[in-house]
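Structure data (TSV, C-alpha atoms and all ligand atoms) from input_32.tsv:
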```
chain	number	residue	atom	x	y	z
P	163	MET	CA	-20.56	31.78	39.46
P	164	ASP	CA	-21.94	31.32	35.96
P	165	LYS	CA	-25.41	30.01	36.70
P	166	ASN	CA	-26.35	29.49	33.10
P	167	ILE	CA	-24.40	26.41	32.15
P	168	ARG	CA	-26.81	23.99	30.53
P	169	MET	CA	-26.54	20.34	31.13
P	170	MET	CA	-27.99	17.38	29.26
P	171	LEU	CA	-29.39	14.69	31.53
P	172	ASN	CA	-30.16	12.09	28.90
P	173	LYS	CA	-26.69	11.41	27.55
P	174	LYS	CA	-23.08	11.27	28.61
P	175	THR	CA	-21.40	14.68	28.63
P	176	HIS	CA	-17.80	15.77	29.16
P	177	HIS	CA	-16.65	18.98	30.83
P	178	THR	CA	-13.18	20.38	31.38
P	179	THR	CA	-12.58	22.71	34.32
P	180	LYS	CA	-9.54	24.89	34.90
P	181	ASN	CA	-9.95	25.57	38.62
P	182	VAL	CA	-11.98	24.71	41.69
P	183	GLU	CA	-14.64	27.35	40.99
P	184	GLN	CA	-15.35	25.87	37.58
P	185	THR	CA	-15.74	22.41	39.10
P	186	GLU	CA	-18.20	23.89	41.60
P	187	GLN	CA	-20.08	25.43	38.68
P	188	ILE	CA	-20.48	22.07	36.98
P	189	GLY	CA	-21.92	20.66	40.21
P	190	TYR	CA	-24.25	23.63	40.45
P	191	ALA	CA	-25.37	23.15	36.85
P	192	LEU	CA	-26.12	19.48	37.42
P	193	ALA	CA	-28.30	20.30	40.43
P	194	ASP	CA	-30.04	23.03	38.46
P	195	SER	CA	-30.79	20.61	35.64
P	196	LEU	CA	-32.16	17.99	38.04
P	197	LEU	CA	-34.44	20.58	39.63
P	198	SER	CA	-35.63	21.74	36.21
P	199	ASP	CA	-36.35	18.12	35.42
P	200	GLY	CA	-38.71	18.05	38.42
P	201	ARG	CA	-36.79	15.49	40.43
P	202	LYS	CA	-37.41	15.15	44.15
P	203	ARG	CA	-34.68	12.62	44.58
P	204	THR	CA	-31.62	11.60	42.69
P	205	PHE	CA	-28.51	9.67	43.57
P	206	VAL	CA	-25.28	11.19	42.29
P	207	ALA	CA	-22.41	8.68	42.42
P	208	LEU	CA	-19.02	10.40	42.39
P	209	PHE	CA	-15.90	8.56	41.26
P	210	GLY	CA	-12.32	9.79	41.18
P	211	ASP	CA	-8.97	9.72	42.95
P	212	MET	CA	-8.04	11.47	46.15
P	213	GLY	CA	-8.05	15.24	45.91
P	214	VAL	CA	-9.52	15.35	42.42
P	215	GLY	CA	-12.49	17.59	43.27
P	216	LYS	CA	-15.42	15.45	44.45
P	217	THR	CA	-16.08	17.65	47.47
P	218	ALA	CA	-15.73	20.79	45.33
P	219	PHE	CA	-18.31	19.40	42.92
P	220	SER	CA	-20.56	18.53	45.87
P	221	ARG	CA	-20.23	22.06	47.26
P	222	GLY	CA	-21.40	23.57	43.98
P	223	PHE	CA	-24.22	21.05	43.70
P	224	THR	CA	-25.43	21.76	47.22
P	225	ALA	CA	-25.23	25.52	46.66
P	226	ARG	CA	-28.12	25.14	44.21
P	227	ILE	CA	-30.29	22.95	46.43
P	228	SER	CA	-29.49	24.25	49.90
P	229	PRO	CA	-27.68	27.61	49.57
P	230	ALA	CA	-27.11	28.16	53.30
P	231	ALA	CA	-25.43	24.80	53.82
P	232	ALA	CA	-21.80	24.74	54.90
P	233	VAL	CA	-20.47	21.82	52.90
P	234	ARG	CA	-17.57	19.98	54.51
P	235	SER	CA	-15.99	16.71	53.63
P	236	PRO	CA	-17.82	13.87	55.40
P	237	THR	CA	-14.71	11.71	55.50
P	238	TYR	CA	-14.92	11.12	59.26
P	239	THR	CA	-18.66	11.39	59.71
P	240	ILE	CA	-19.44	9.30	56.58
P	241	VAL	CA	-22.58	11.35	55.96
P	242	ASN	CA	-23.46	15.04	56.29
P	243	GLU	CA	-27.05	16.20	55.99
P	244	TYR	CA	-27.92	19.64	54.67
P	245	HIS	CA	-31.45	20.74	55.46
P	246	GLY	CA	-33.34	23.98	54.98
P	247	GLY	CA	-33.03	24.06	51.20
P	248	ILE	CA	-35.36	23.05	48.39
P	249	PHE	CA	-34.75	19.39	49.25
P	250	PRO	CA	-32.50	17.76	51.81
P	251	VAL	CA	-29.04	16.83	50.54
P	252	PHE	CA	-27.33	13.74	51.96
P	253	HIS	CA	-23.60	13.89	51.32
P	254	PHE	CA	-21.68	10.63	51.79
P	255	ASP	CA	-18.00	9.85	51.74
P	256	MET	CA	-17.43	6.09	51.40
P	257	TYR	CA	-13.65	6.33	51.65
P	258	ARG	CA	-13.60	4.42	54.93
P	259	ILE	CA	-16.34	1.93	54.09
P	260	THR	CA	-14.84	-1.49	53.62
P	261	ASP	CA	-17.79	-3.87	53.73
P	262	GLU	CA	-21.57	-4.18	53.75
P	263	ASP	CA	-21.84	-4.19	57.55
P	264	ASP	CA	-19.97	-0.91	57.70
P	265	LEU	CA	-22.27	0.54	55.11
P	266	TYR	CA	-25.40	-0.70	56.86
P	267	SER	CA	-24.37	0.92	60.14
P	268	THR	CA	-24.18	4.37	58.51
P	269	GLY	CA	-27.93	4.22	57.82
P	270	TYR	CA	-27.24	4.29	54.10
P	271	TRP	CA	-30.31	2.27	53.16
P	272	GLU	CA	-32.63	4.52	55.15
P	273	TYR	CA	-31.21	7.58	53.42
P	274	LEU	CA	-31.86	6.00	50.04
P	275	ALA	CA	-35.54	5.63	50.89
P	276	LYS	CA	-35.96	9.34	51.67
P	277	ASP	CA	-36.87	12.17	49.39
P	278	GLY	CA	-33.80	14.25	48.78
P	279	TYR	CA	-30.63	14.32	46.74
P	280	CYS	CA	-27.75	11.99	47.58
P	281	LEU	CA	-24.15	12.82	46.74
P	282	CYS	CA	-21.79	9.90	47.21
P	283	GLU	CA	-18.02	10.37	47.16
P	284	TRP	CA	-15.87	7.25	46.72
P	285	SER	CA	-18.66	5.28	45.05
P	286	GLU	CA	-15.88	2.91	43.93
P	287	ASN	CA	-16.12	1.41	47.42
P	288	ILE	CA	-19.79	0.45	47.24
P	289	PRO	CA	-20.43	-0.85	43.70
P	290	TYR	CA	-22.84	-3.50	45.08
P	291	ALA	CA	-24.96	-0.87	46.82
P	292	LEU	CA	-25.55	1.72	44.13
P	293	PRO	CA	-29.24	2.19	43.30
P	294	GLU	CA	-30.84	0.97	40.11
P	295	ALA	CA	-30.74	4.43	38.58
P	296	TYR	CA	-28.19	7.09	39.31
P	297	ILE	CA	-26.10	9.84	37.80
P	298	LYS	CA	-22.50	8.75	37.41
P	299	VAL	CA	-19.95	11.55	37.78
P	300	VAL	CA	-16.32	10.69	37.10
P	301	ILE	CA	-13.66	13.30	37.80
P	302	SER	CA	-10.06	12.87	36.71
P	303	LYS	CA	-6.96	14.97	36.48
P	304	SER	CA	-6.04	16.08	33.03
P	305	PRO	CA	-2.98	14.25	31.70
P	306	ASP	CA	-1.42	17.55	30.65
P	307	ASN	CA	-0.04	18.27	34.12
P	308	THR	CA	-2.21	21.34	34.68
P	309	GLU	CA	-4.87	21.87	37.34
P	310	ASN	CA	-7.46	20.94	34.75
P	311	ARG	CA	-10.04	18.31	35.55
P	312	ILE	CA	-12.12	16.25	33.18
P	313	ILE	CA	-15.63	15.56	34.43
P	314	THR	CA	-17.95	13.09	32.75
P	315	ILE	CA	-21.60	12.97	33.69
P	316	GLU	CA	-23.70	10.02	32.63
P	317	PRO	CA	-27.14	8.73	33.58
P	318	VAL	CA	-27.01	5.04	34.50
P	319	LEU	CA	-30.12	2.89	34.46
P	320	HIS	CA	-30.59	-0.68	35.64
P	321	GLN	CA	-26.93	-1.51	35.56
P	322	ASP	CA	-25.93	-4.85	37.07
P	323	ASN	CA	-23.16	-4.13	39.49
S	1	LIG	N1	-10.04	22.14	38.21
S	1	LIG	C1	-10.16	21.86	39.53
S	1	LIG	N2	-11.31	21.37	40.02
S	1	LIG	C2	-11.43	21.03	41.33
S	1	LIG	N3	-10.46	21.15	42.24
S	1	LIG	C3	-9.29	21.65	41.81
S	1	LIG	C4	-9.08	22.02	40.46
S	1	LIG	N4	-7.82	22.48	40.34
S	1	LIG	C5	-7.27	22.38	41.55
S	1	LIG	N5	-8.13	21.88	42.45
S	1	LIG	C6	-7.82	21.62	43.88
S	1	LIG	O1	-8.01	20.22	44.10
S	1	LIG	C7	-8.52	19.99	45.41
S	1	LIG	C8	-9.84	19.23	45.35
S	1	LIG	O2	-10.22	18.93	46.66
S	1	LIG	P1	-11.53	18.13	47.02
S	1	LIG	O3	-11.56	18.05	48.50
S	1	LIG	O4	-12.71	18.70	46.33
S	1	LIG	O5	-11.19	16.69	46.40
S	1	LIG	P2	-11.91	15.29	46.71
S	1	LIG	O6	-11.95	14.54	45.43
S	1	LIG	O7	-13.18	15.50	47.43
S	1	LIG	O8	-10.83	14.61	47.70
S	1	LIG	P3	-11.02	13.34	48.67
S	1	LIG	O9	-10.68	12.13	47.84
S	1	LIG	O10	-10.02	13.55	49.75
S	1	LIG	O11	-12.44	13.32	49.15
S	1	LIG	C9	-8.68	21.37	46.06
S	1	LIG	O12	-7.53	21.64	46.81
S	1	LIG	C10	-8.77	22.30	44.86
S	1	LIG	O13	-8.34	23.59	45.14
S	2	MG	MG	-13.87	14.72	49.25
```

Would you mind writing the file's structure down as structure tokens?
Amino acid sequence: MDKNIRMMLNKKTHHTTKNVEQTEQIGYALADSLLSDGRKRTFVALFGDMGVGKTAFSRGFTARISPAAAVRSPTYTIVNEYHGGIFPVFHFDMYRITDEDDLYSTGYWEYLAKDGYCLCEWSENIPYALPEAYIKVVISKSPDNTENRIITIEPVLHQDN
């Protein structure tokens, strides 16, 4: 893994990846940049269609924060916690969340109050519940019919949802 990718946190950036490892690297680089920035907590909202690479990105991200963690898709569990690293990582998958009661019962709001990094797949499903400040990560398939993915990373502040 190339651990030296630099990432800007103060403006929107675009990255193209050719395979799953490169998508993991972009996740790793984002986590590295957040650590360098001295952050104890950050919410990373992931957007993108099924199978586009949100879990791959999350795996790379978590590898920087909690290297021993075995990252699996939290589709059925809704949230996986990875402890034992620099900070806890709370990895959500909102695919099955259909309303606010559902969301509440996952303990989402308690997680948001904790120190630690949150990764949230399927953020499309909880637009009303995203925090005031977060990092927006949008992953899409390249229109050229390859395995390429286009990843945009953008800090969002005080957006009305
Ligand atoms: N450039 C790429 N980046 C990431 N994944 C890629 C890329 N090219 C191919 N893939 C494949 O795409 C799939 C991405 O799976 P992943 O579980 O990360 O997607 P996801 O967005 O989390 O899906 P879901 O919506 O089910 O949660 C993997 O099978 C991976 O091998
Ligand atoms: Mg996933």

For range 213-228 of chain P, please output as a tab-separated table (two decimals) with C-alpha atoms, in the coordinates of the input all residues within 8 Å (counting all atoms listed in the file; exclusion window: fewer than 3 positions along the same chain).
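Output file result.tsv is given in full below:
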```tsv
chain	number	residue	atom	x	y	z
P	182	VAL	CA	-11.98	24.71	41.69
P	183	GLU	CA	-14.64	27.35	40.99
P	185	THR	CA	-15.74	22.41	39.10
P	186	GLU	CA	-18.20	23.89	41.60
P	187	GLN	CA	-20.08	25.43	38.68
P	188	ILE	CA	-20.48	22.07	36.98
P	189	GLY	CA	-21.92	20.66	40.21
P	190	TYR	CA	-24.25	23.63	40.45
P	191	ALA	CA	-25.37	23.15	36.85
P	192	LEU	CA	-26.12	19.48	37.42
P	193	ALA	CA	-28.30	20.30	40.43
P	194	ASP	CA	-30.04	23.03	38.46
P	208	LEU	CA	-19.02	10.40	42.39
P	209	PHE	CA	-15.90	8.56	41.26
P	210	GLY	CA	-12.32	9.79	41.18
P	231	ALA	CA	-25.43	24.80	53.82
P	233	VAL	CA	-20.47	21.82	52.90
P	234	ARG	CA	-17.57	19.98	54.51
P	235	SER	CA	-15.99	16.71	53.63
P	244	TYR	CA	-27.92	19.64	54.67
P	245	HIS	CA	-31.45	20.74	55.46
P	246	GLY	CA	-33.34	23.98	54.98
P	247	GLY	CA	-33.03	24.06	51.20
P	248	ILE	CA	-35.36	23.05	48.39
P	249	PHE	CA	-34.75	19.39	49.25
P	250	PRO	CA	-32.50	17.76	51.81
P	251	VAL	CA	-29.04	16.83	50.54
P	253	HIS	CA	-23.60	13.89	51.32
P	281	LEU	CA	-24.15	12.82	46.74
P	283	GLU	CA	-18.02	10.37	47.16
P	301	ILE	CA	-13.66	13.30	37.80
P	302	SER	CA	-10.06	12.87	36.71
P	303	LYS	CA	-6.96	14.97	36.48
P	311	ARG	CA	-10.04	18.31	35.55
```

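Our summary of the geometry notes that CA of Met169 in chain P is positioned 26.6 Å from CA of Pro236 in chain P.
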
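When only C-alpha atoms are used to measure the gap to Phe254 in chain P, the shortest distance among P:Val318, P:Ala232, P:Val206, P:Val299 belongs to P:Val206.
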
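Put simply, CA of Lys276 in chain P is 20.9 Å away from CA of Ala230 in chain P.
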
How big is the axis-aligned box, and where does its centre sit, when it encloses all atoms of ligand LIG 1 (chain S) listed in the file and has 6 Å added on every side, reported in Å to one decimal as JSON?
```
{"center_x": -10.2, "center_y": 17.9, "center_z": 44.0, "size_x": 17.9, "size_y": 23.5, "size_z": 23.5}
```

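Between CA of Asp261 in chain P and CA of Glu286 in chain P the separation is 12.1 Å.
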
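Nearest residue to Thr178 in chain P among P:Thr308, P:His320, P:Tyr270, P:Arg258 is P:Thr308, counting only C-alpha atoms.
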
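Considering only C-alpha atoms and all ligand atoms, the residue among P:Leu196, P:Ile313, P:Cys282, P:Leu265 positioned nearest to ligand MG 2 (chain S) is P:Cys282.
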
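Distances from P:Val241, P:Leu197, P:Ile288, P:Met170 to ligand MG 2 (chain S) were compared using only C-alpha atoms and all ligand atoms, and the smallest one belongs to P:Val241.
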
(request) Please check which residues have atoms at most 12 Å from (-17.4, -4.2, 52.4) in the file's coordinates, counting all atoms listed in the file, and write them as number ranges by chain. (result) P: 256-267, 286-291

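Nearest to ligand LIG 1 (chain S) of all the residues P:Leu171, P:Leu319, P:Ile240, P:Leu292 is P:Ile240, counting only C-alpha atoms and all ligand atoms.
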
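Nearest to Tyr273 in chain P of all the residues P:Thr237, P:Ile315, P:Met212, P:Arg203 is P:Arg203, based on only C-alpha atoms.
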